[in-house]
Amino acid sequence: MAICSTLSINAQNTTFNCYLPDQGGSIREHNVDFISLDLDVKFAPEDGLVSGIARYAFTALEPTVDSVFLDGPGIRVQEISLDNNATKFKMDSAGITVYFNPPLIREAVHNMAIIYDANPKKGIYFNGWNVASTDNPNDPTIIRKQIWTQGQGVDNRFWIPSYDGVNDKLLTMMHITFDSTYTVVSNGNLKNVSANADGTKTWRYAMPHPHALYLVMLAIGKYDVMEFTSKNGITTRQYYYPGTKEYAENTYRYTAELMDWMQQATGLKYPWSTYANVPVQEFLYGAMENTTATIFSDFFYQRPASNPDKQYIEINAHELTHQWFGDYVTAWSGSSHWLQESFATYFSKHFAQHINGDDYYDWKRREEMLTALDADSRDNIPIAHSEAGSQRVYQKGSFVIDMLRYVVGDQAFNVAIQEFLERYPYANVSTQDFQMQFMRSLGMNMDWFFDEWLYRAGFPVYTVKYDTTENATVVHVSQTQQTNETVHLFNMPIHIQIHYMDGSFDDQLVVIKNAAQDITIQNPEHKQVLFVLFDPNHMVLSKVVFDKSFNELTYQAFNAPNMIDRYEAISAMTETPIEVKRVTLLALLKKEKFNNIRIEIIRQLSSDNDKATVAALKNAIYDTDPLVRRSVVVNWNKDNEKLRKDIETLLKDDNYVNIELALRKLCDYYPKQTSEYLQKTAGQFGATNNIRVAWLELQNKDNNNGTMSELIKFTSPQYEFRTRVAAFNAISNRNYCDPELVANLFNALVSTNHRLSSPARNLLMAYKSNPEYAAMIKAYYNSRLWTEWEDTRIGKVKE
């Protein structure tokens, strides 16, 4: 389940901050097996109304079954028939109990039809239908009339009466009737579209293979489409907003290549017959891997000037991977959910390696490791646990898969992956199934690996020292992590490298499994040791404590073969006085090509006013990499006046975030020149209006009503949520409030989008401390009639 968001405007890479479904650690019991769902559905979007007929074919699993429970909170059922005869049913707050008289006999196939309607607040979302101005093709941030679904974890039950568990797969057919001027996308193959006399059309989609009900989707909106045909013959449909083809070409530029790469990487042909990507507004997360049709937040649907901040490349790869891991093979329960998310994160990372190179891939691994260490520093929950949390199920699991590959070897790993997928077509799987596959395919007993990395928690902390003699280097390794019933000593093969003055090095692979071990590496030629690497390229998830002198760090920074080892040496120089490290860092800045190493060097040089350093920083402002240019702005100290004119050139940068950051910093450092800087950036809007919102905030020092009116317009429901949230923050920084703003904040507060409602709630609660603003809030609340659901969402704001 890759329903994640990306945050932090300074992040180079995609970081998944994700919601995990409440699927539990145990497998849910059910007494019937649903074979197929044939769903007829239509909508009254202004009223948030779903009307449908759900037709199921199913068999009883037990010898006799006299009733079945269907999930369906809030669904209103008018009629249920079994094999064309009306049958009794009872509704409660959780769903519907259907009674069978006489009881059903095991394995006999039955047909059940349910006529119902609902006004759901989860599972399906009606976007923009009660907003006056929508669908401006020239401004993708204007709200659009759309309907879209989000079924995972168990939310399709709010609009489809169903058994909404992951452990029952079924064929689905969707018949969607809607306004003929819209485009309708659903799972599987589009069989036909028929026109109706009332100006609507009915779109009929069908899945060729069974899948879990949480993966059922639909998306309705105004779209154009571009098609890519991959070498494997699969045609993928990439939907985009009319008039924004530049966005589509940027967003989907690697899609055809990705499909072929995934087939090669998994060893299994794409397991479905079609695939689509559909951007939507106000999506709850980053994206969702519905079978054959991914829905994603149009936050990632951007012009090239938003690269690399909001790229869809890795999310595209993550979601496509789920067509194999998650949709084709599906975890039995939450304790095996890592099989879906960890593999999606793993293959996404490797596709990024394919596109961007090994250094980028190693940096992604480093980010995953730091995320995993952070999670494991808080508690001792293992990956294969229903409460593992997103940091383990995504990042740690991905790193662990890399370690598994490192341990067994590339060829053996690929064999096991391919045969695992082939063994369980369109089926449910568990961690134990995957573990056993290594024995089945390769005769490898990997119990020890799964025990310490999947079923147990924590990570090793290696404390490393070394001594040299005339003939050898002795490396002393201790495991110093705190052990308990879930965190033990780790047993891992680790490389140790001894690097010598003549440029050569010795590499020895050692199994580190004891609390303390001494490893002797012979040096018969009496070479001078320059530095030692323990676990070069950081292949094992661990924390390494290894103190080194500045000279050792310098040699490592210049000579270590792997980027990660060079980066860690440079990072370890942070506390070294600038007078000691200046020459070294300047030389490394010229030598290194990878942006994150260059960014770290710039960070350490940023407070240095030395002539050579200033020249180097000026040069970095004109670097071809927008993140390198950004690092100069982010770390710029006002005392370094010599950089000012060069920083000003970034007001015309080709990256939206860089323009905003330069504008804010220049106006902060040189307030008397604010008008000049605003003039240079007038008319620039950026992605999700980031530049324009900053511009208005900076211009509006005195809460001028003319300027505030445009900012307040950005807080209105006419705009997508990121524009609105940015405007909330800008207005809050000016401590301004008026009745129109309060109305817009309440509109956001009762939104189903938590990324909009939470900031609105926070701002309203903060404003309540001001008596004047509190009176506005109370007056607006009392001026309207609120539904029970809305009143619950408003909560303490009304008090």
# chains A, B, ... in the order shown; residues from 1 in each chain; ligands from 1

call {"tool": "select_by_dssp", "arguments": {"residues": "range 631-740 of chain A", "states": "alpha helix (DSSP H)", "output": "PyMOL selection string"}}
result
chain A and resi 631-635+644-648+656-669+674-681+690-699+705-714+721-733+739-740

call {"tool": "closest_atom_pairs", "arguments": {"of": "range 251-360 of chain A", "to": "range 552-567 of chain A", "cutoff": "12 Å", "atoms": "only C-alpha atoms", "output": "CSV"}}
result
residue,atom,partner,partner_atom,distance
A:Gly357,CA,A:Met563,CA,11.5
A:Asp358,CA,A:Met563,CA,8.9
A:Asp359,CA,A:Met563,CA,6.1
A:Tyr360,CA,A:Met563,CA,9.3

call {"tool": "atom_distance", "arguments": {"atom1": "CA of Leu37 in chain A", "atom2": "CA of Asn101 in chain A"}}
result
22.4 Å

call {"tool": "residues_around", "arguments": {"residues": "range 244-249 of chain A", "least_positions_apart": "6", "cutoff": "12 Å", "atoms": "only C-alpha atoms", "output": "MDAnalysis selection string"}}
result
chainID A and resid 135:141 222:228 237:238 255:256 277:279 298:307 310:313 687

call {"tool": "select_by_dssp", "arguments": {"residues": "range 26-78 of chain A", "states": "strand (DSSP E)", "output": "NGL selection string"}}
result
:A and (32-44 or 49-60 or 64-71 or 76-78)

call {"tool": "closest_residue", "arguments": {"among": "A:Asn523, A:Thr266, A:Ser333, A:Ser386", "to": "Phe413 in chain A", "atoms": "only C-alpha atoms"}}
result
A:Thr266

call {"tool": "residues_around", "arguments": {"residues": "range 656-665 of chain A", "least_positions_apart": "5", "cutoff": "8 Å", "atoms": "only C-alpha atoms", "output": "JSON, numbers by chain"}}
result
{"A": [9, 305, 306, 626, 629, 630, 633, 634, 647, 648, 650, 651, 677, 678, 686, 687, 690, 691, 694, 695, 698]}

call {"tool": "atom_distance", "arguments": {"atom1": "CA of Met492 in chain A", "atom2": "CA of Ala457 in chain A"}}
result
15.0 Å

call {"tool": "atom_distance", "arguments": {"atom1": "CA of Thr236 in chain A", "atom2": "CA of Ile176 in chain A"}}
result
21.2 Å

call {"tool": "closest_atom_pairs", "arguments": {"of": "range 233-347 of chain A", "to": "range 387-396 of chain A", "cutoff": "8 Å", "atoms": "only C-alpha atoms", "output": "CSV"}}
result
residue,atom,partner,partner_atom,distance
A:Gly334,CA,A:Glu387,CA,7.9
A:Ser335,CA,A:Glu387,CA,7.8
A:His337,CA,A:Val393,CA,7.3
A:Trp338,CA,A:Val393,CA,4.7
A:Glu341,CA,A:Tyr394,CA,5.3
A:Ser342,CA,A:Tyr394,CA,4.7
A:Thr345,CA,A:Tyr394,CA,6.0

call {"tool": "residues_around", "arguments": {"residues": "Ser186 in chain A", "least_positions_apart": "6", "cutoff": "8 Å", "atoms": "only C-alpha atoms", "output": "list in words"}}
result
Met174, Tyr205, Val216, Met217, Leu218, Ala219 and Ala293 of chain A

call {"tool": "residues_around", "arguments": {"residues": "Leu284 in chain A", "least_positions_apart": "2", "cutoff": "8 Å", "atoms": "only C-alpha atoms", "output": "JSON, numbers by chain"}}
result
{"A": [3, 282, 286, 297, 753, 754, 755]}

call {"tool": "write_last_selection", "arguments": {"atoms": "N, CA and C atoms", "output": "mmCIF file, in the first residue's frame"}}
result
data_model
loop_
_atom_site.group_PDB
_atom_site.id
_atom_site.type_symbol
_atom_site.label_atom_id
_atom_site.label_comp_id
_atom_site.auth_asym_id
_atom_site.auth_seq_id
_atom_site.Cartn_x
_atom_site.Cartn_y
_atom_site.Cartn_z
ATOM 1 N N ILE A 3 0.329 4.555 -0.121
ATOM 2 C CA ILE A 3 -0.505 5.746 -0.075
ATOM 3 C C ILE A 3 0.210 6.738 0.815
ATOM 4 N N GLU A 282 -6.602 16.738 -4.100
ATOM 5 C CA GLU A 282 -7.028 16.528 -2.713
ATOM 6 C C GLU A 282 -6.870 15.079 -2.261
ATOM 7 N N GLY A 286 -0.037 10.024 -1.109
ATOM 8 C CA GLY A 286 0.753 10.302 -2.302
ATOM 9 C C GLY A 286 0.219 9.587 -3.518
ATOM 10 N N SER A 297 -1.654 11.725 -6.224
ATOM 11 C CA SER A 297 -1.875 13.132 -5.931
ATOM 12 C C SER A 297 -1.254 13.992 -7.018
ATOM 13 N N ASN A 753 -9.867 15.660 3.753
ATOM 14 C CA ASN A 753 -8.424 15.642 3.527
ATOM 15 C C ASN A 753 -7.719 16.122 4.801
ATOM 16 N N HIS A 754 -7.110 15.207 5.532
ATOM 17 C CA HIS A 754 -6.478 15.574 6.810
ATOM 18 C C HIS A 754 -5.313 16.523 6.620
ATOM 19 N N ARG A 755 -4.693 16.524 5.436
ATOM 20 C CA ARG A 755 -3.581 17.443 5.194
ATOM 21 C C ARG A 755 -4.066 18.877 4.990
#

call {"tool": "residues_around", "arguments": {"residues": "Leu339 in chain A", "least_positions_apart": "2", "cutoff": "12 Å", "atoms": "only C-alpha atoms", "output": "PyMOL selection string"}}
result
chain A and resi 1+321-322+324-337+341-347+383-385+392-394+396-398+400-401+417+420-421+428-435+454

call {"tool": "closest_residue", "arguments": {"among": "A:Asn735, A:Gln718, A:Thr200, A:Thr613", "to": "Asn130 in chain A", "atoms": "only C-alpha atoms"}}
result
A:Gln718
